[in-house]
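Notes for the one structure printed next.
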Amino acid sequence: MAKKQRSEGAAKNSLVRICCYVALILAAVLILVYNVLPLIGVNIGGKVIGALSLVKDIALLLGIGFGAYAFAASHGKAAKIVFWIALVVYVASAICGLF
């Protein structure tokens with residue numbers, strides 16, 4: 001019996017879903033750490049929180065990037081140019097810690 005293989009589109013969709021899920025979970029955890037815990041007197045920071053924030057930013061970039069590129073590709077050259085400019089601005093701001 002032949003195994004059913006996933007298409008490239010299905011694999012990309014599952015990657016997008018995983019990245020969106022990871023970004024959502026890490027964003028929720030970081031919101032709690034940054035905003036709720038200081039209200040009760042607990043201050044957490046350092047390399048671990050910075051690493052979690054970086055993973056969140058990468059997962060968010062992948063999750064949103066694939067969906068946004070699919071949209072831009074179907075709407076012509078101008079939409080793709082705007083996509084690439086926005087992607088460069090996002091990556092630069094994430095590296096510099098502005099977003």
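Please note that chains go A, B, ... in the order of the structure tokens, that every chain numbers its residues from 1, and that ligands are numbered from 1 in the order shown.
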
Give me the residues near A:Ala94 as an MDAnalysis selection string, where near means some atom within 12 Å (using only C-alpha atoms) and where sequence neighbours in that chain fewer than 3 positions away do not count. chainID A and resid 50 53:61 87:91 97:99

For N, CA and C atoms, I'd like the residues from the last selection saved as a PDB file, in the first residue's frame.
ATOM      1  N   GLY A  50      15.334  37.504  27.048  1.00  0.00           N
ATOM      2  CA  GLY A  50      15.785  38.002  25.757  1.00  0.00           C
ATOM      3  C   GLY A  50      15.761  36.927  24.681  1.00  0.00           C
ATOM      4  N   SER A  53      12.175  36.227  23.738  1.00  0.00           N
ATOM      5  CA  SER A  53      11.683  37.315  22.893  1.00  0.00           C
ATOM      6  C   SER A  53      12.201  37.177  21.465  1.00  0.00           C
ATOM      7  N   LEU A  54      13.436  36.763  21.303  1.00  0.00           N
ATOM      8  CA  LEU A  54      14.003  36.555  19.972  1.00  0.00           C
ATOM      9  C   LEU A  54      13.310  35.408  19.251  1.00  0.00           C
ATOM     10  N   VAL A  55      13.053  34.297  19.946  1.00  0.00           N
ATOM     11  CA  VAL A  55      12.342  33.159  19.350  1.00  0.00           C
ATOM     12  C   VAL A  55      10.937  33.586  18.939  1.00  0.00           C
ATOM     13  N   LYS A  56      10.283  34.382  19.784  1.00  0.00           N
ATOM     14  CA  LYS A  56       8.949  34.894  19.459  1.00  0.00           C
ATOM     15  C   LYS A  56       8.984  35.739  18.196  1.00  0.00           C
ATOM     16  N   ASP A  57       9.975  36.617  18.093  1.00  0.00           N
ATOM     17  CA  ASP A  57      10.084  37.476  16.913  1.00  0.00           C
ATOM     18  C   ASP A  57      10.336  36.662  15.645  1.00  0.00           C
ATOM     19  N   ILE A  58      11.166  35.638  15.736  1.00  0.00           N
ATOM     20  CA  ILE A  58      11.449  34.794  14.561  1.00  0.00           C
ATOM     21  C   ILE A  58      10.207  34.002  14.164  1.00  0.00           C
ATOM     22  N   ALA A  59       9.516  33.432  15.147  1.00  0.00           N
ATOM     23  CA  ALA A  59       8.295  32.677  14.841  1.00  0.00           C
ATOM     24  C   ALA A  59       7.223  33.583  14.258  1.00  0.00           C
ATOM     25  N   LEU A  60       7.110  34.781  14.793  1.00  0.00           N
ATOM     26  CA  LEU A  60       6.150  35.748  14.263  1.00  0.00           C
ATOM     27  C   LEU A  60       6.502  36.139  12.841  1.00  0.00           C
ATOM     28  N   LEU A  61       7.776  36.346  12.591  1.00  0.00           N
ATOM     29  CA  LEU A  61       8.230  36.690  11.249  1.00  0.00           C
ATOM     30  C   LEU A  61       7.909  35.580  10.259  1.00  0.00           C
ATOM     31  N   LEU A  87       9.212  43.823   5.174  1.00  0.00           N
ATOM     32  CA  LEU A  87       9.974  42.739   5.787  1.00  0.00           C
ATOM     33  C   LEU A  87      11.350  43.224   6.242  1.00  0.00           C
ATOM     34  N   VAL A  88      12.015  44.016   5.413  1.00  0.00           N
ATOM     35  CA  VAL A  88      13.330  44.551   5.783  1.00  0.00           C
ATOM     36  C   VAL A  88      13.216  45.475   6.993  1.00  0.00           C
ATOM     37  N   VAL A  89      12.186  46.321   7.014  1.00  0.00           N
ATOM     38  CA  VAL A  89      11.985  47.223   8.157  1.00  0.00           C
ATOM     39  C   VAL A  89      11.718  46.422   9.425  1.00  0.00           C
ATOM     40  N   TYR A  90      10.896  45.379   9.327  1.00  0.00           N
ATOM     41  CA  TYR A  90      10.590  44.557  10.496  1.00  0.00           C
ATOM     42  C   TYR A  90      11.839  43.854  11.022  1.00  0.00           C
ATOM     43  N   VAL A  91      12.610  43.242  10.129  1.00  0.00           N
ATOM     44  CA  VAL A  91      13.807  42.519  10.555  1.00  0.00           C
ATOM     45  C   VAL A  91      14.817  43.489  11.183  1.00  0.00           C
ATOM     46  N   GLY A  97      16.032  45.870  18.367  1.00  0.00           N
ATOM     47  CA  GLY A  97      15.244  45.851  19.587  1.00  0.00           C
ATOM     48  C   GLY A  97      14.177  46.942  19.647  1.00  0.00           C
ATOM     49  N   LEU A  98      13.781  47.444  18.495  1.00  0.00           N
ATOM     50  CA  LEU A  98      12.786  48.525  18.472  1.00  0.00           C
ATOM     51  C   LEU A  98      11.360  48.012  18.483  1.00  0.00           C
ATOM     52  N   PHE A  99      11.179  46.729  18.181  1.00  0.00           N
ATOM     53  CA  PHE A  99       9.807  46.193  18.098  1.00  0.00           C
ATOM     54  C   PHE A  99       9.672  44.987  18.983  1.00  0.00           C
TER      55      PHE A  99
END

For A:Leu32, please output as a VMD selection string all residues within 12 Å (counting only C-alpha atoms; exclusion window: fewer than 5 positions along the same chain). chain A and resid 25 to 27 37 to 40 42 to 44 49

Identify, with DSSP run on backbone atoms, the residues in stretch 9-79 of chain A assigned to alpha helix (DSSP H), and express the list as a PyMOL selection string. chain A and resi 9-31+47-73+77-79

Got time to write the residues from that selection, C-alpha atoms, as a PDB file, in the first residue's frame?
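Saved result, again.pdb, follows:
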ATOM      1  CA  GLY A   9       1.838  23.557   0.169  1.00  0.00           C
ATOM      2  CA  ALA A  10       0.605  21.367   3.018  1.00  0.00           C
ATOM      3  CA  ALA A  11       4.076  21.294   4.562  1.00  0.00           C
ATOM      4  CA  LYS A  12       4.351  25.088   4.299  1.00  0.00           C
ATOM      5  CA  ASN A  13       0.897  25.501   5.849  1.00  0.00           C
ATOM      6  CA  SER A  14       1.833  23.319   8.806  1.00  0.00           C
ATOM      7  CA  LEU A  15       5.048  25.335   9.304  1.00  0.00           C
ATOM      8  CA  VAL A  16       3.042  28.558   9.277  1.00  0.00           C
ATOM      9  CA  ARG A  17       0.604  27.135  11.821  1.00  0.00           C
ATOM     10  CA  ILE A  18       3.396  25.978  14.125  1.00  0.00           C
ATOM     11  CA  CYS A  19       5.159  29.357  13.912  1.00  0.00           C
ATOM     12  CA  CYS A  20       1.937  31.230  14.639  1.00  0.00           C
ATOM     13  CA  TYR A  21       1.208  28.954  17.606  1.00  0.00           C
ATOM     14  CA  VAL A  22       4.717  29.392  19.044  1.00  0.00           C
ATOM     15  CA  ALA A  23       4.557  33.168  18.546  1.00  0.00           C
ATOM     16  CA  LEU A  24       1.172  33.353  20.293  1.00  0.00           C
ATOM     17  CA  ILE A  25       2.277  31.257  23.283  1.00  0.00           C
ATOM     18  CA  LEU A  26       5.566  33.138  23.721  1.00  0.00           C
ATOM     19  CA  ALA A  27       3.826  36.496  23.350  1.00  0.00           C
ATOM     20  CA  ALA A  28       1.381  35.537  26.103  1.00  0.00           C
ATOM     21  CA  VAL A  29       4.199  34.387  28.380  1.00  0.00           C
ATOM     22  CA  LEU A  30       6.244  37.520  27.730  1.00  0.00           C
ATOM     23  CA  ILE A  31       3.236  39.769  28.372  1.00  0.00           C
ATOM     24  CA  LYS A  47      19.281  36.392  28.885  1.00  0.00           C
ATOM     25  CA  VAL A  48      16.425  33.875  29.143  1.00  0.00           C
ATOM     26  CA  ILE A  49      13.725  36.484  28.563  1.00  0.00           C
ATOM     27  CA  GLY A  50      15.785  38.002  25.757  1.00  0.00           C
ATOM     28  CA  ALA A  51      16.140  34.608  24.091  1.00  0.00           C
ATOM     29  CA  LEU A  52      12.396  33.928  24.417  1.00  0.00           C
ATOM     30  CA  SER A  53      11.683  37.315  22.893  1.00  0.00           C
ATOM     31  CA  LEU A  54      14.003  36.555  19.972  1.00  0.00           C
ATOM     32  CA  VAL A  55      12.342  33.159  19.350  1.00  0.00           C
ATOM     33  CA  LYS A  56       8.949  34.894  19.459  1.00  0.00           C
ATOM     34  CA  ASP A  57      10.084  37.476  16.913  1.00  0.00           C
ATOM     35  CA  ILE A  58      11.449  34.794  14.561  1.00  0.00           C
ATOM     36  CA  ALA A  59       8.295  32.677  14.841  1.00  0.00           C
ATOM     37  CA  LEU A  60       6.150  35.748  14.263  1.00  0.00           C
ATOM     38  CA  LEU A  61       8.230  36.690  11.249  1.00  0.00           C
ATOM     39  CA  LEU A  62       7.898  33.214   9.719  1.00  0.00           C
ATOM     40  CA  GLY A  63       4.214  32.846  10.510  1.00  0.00           C
ATOM     41  CA  ILE A  64       3.187  36.225   9.196  1.00  0.00           C
ATOM     42  CA  GLY A  65       5.788  36.310   6.432  1.00  0.00           C
ATOM     43  CA  PHE A  66       4.560  33.238   4.570  1.00  0.00           C
ATOM     44  CA  GLY A  67       0.947  34.365   4.647  1.00  0.00           C
ATOM     45  CA  ALA A  68       1.807  37.918   3.683  1.00  0.00           C
ATOM     46  CA  TYR A  69       4.006  36.777   0.798  1.00  0.00           C
ATOM     47  CA  ALA A  70       1.257  34.529  -0.556  1.00  0.00           C
ATOM     48  CA  PHE A  71      -1.092  37.514  -0.488  1.00  0.00           C
ATOM     49  CA  ALA A  72       1.460  39.848  -2.072  1.00  0.00           C
ATOM     50  CA  ALA A  73       2.374  37.357  -4.797  1.00  0.00           C
ATOM     51  CA  LYS A  77       4.592  43.407  -8.434  1.00  0.00           C
ATOM     52  CA  ALA A  78       3.780  46.532  -6.407  1.00  0.00           C
ATOM     53  CA  ALA A  79       2.416  44.451  -3.532  1.00  0.00           C
TER      54      ALA A  79
END

To one decimal in Å, tell me the separation between atom CA of A:Ile95 and atom CA of A:Tyr34.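 These atoms are spaced 19.3 Å apart.
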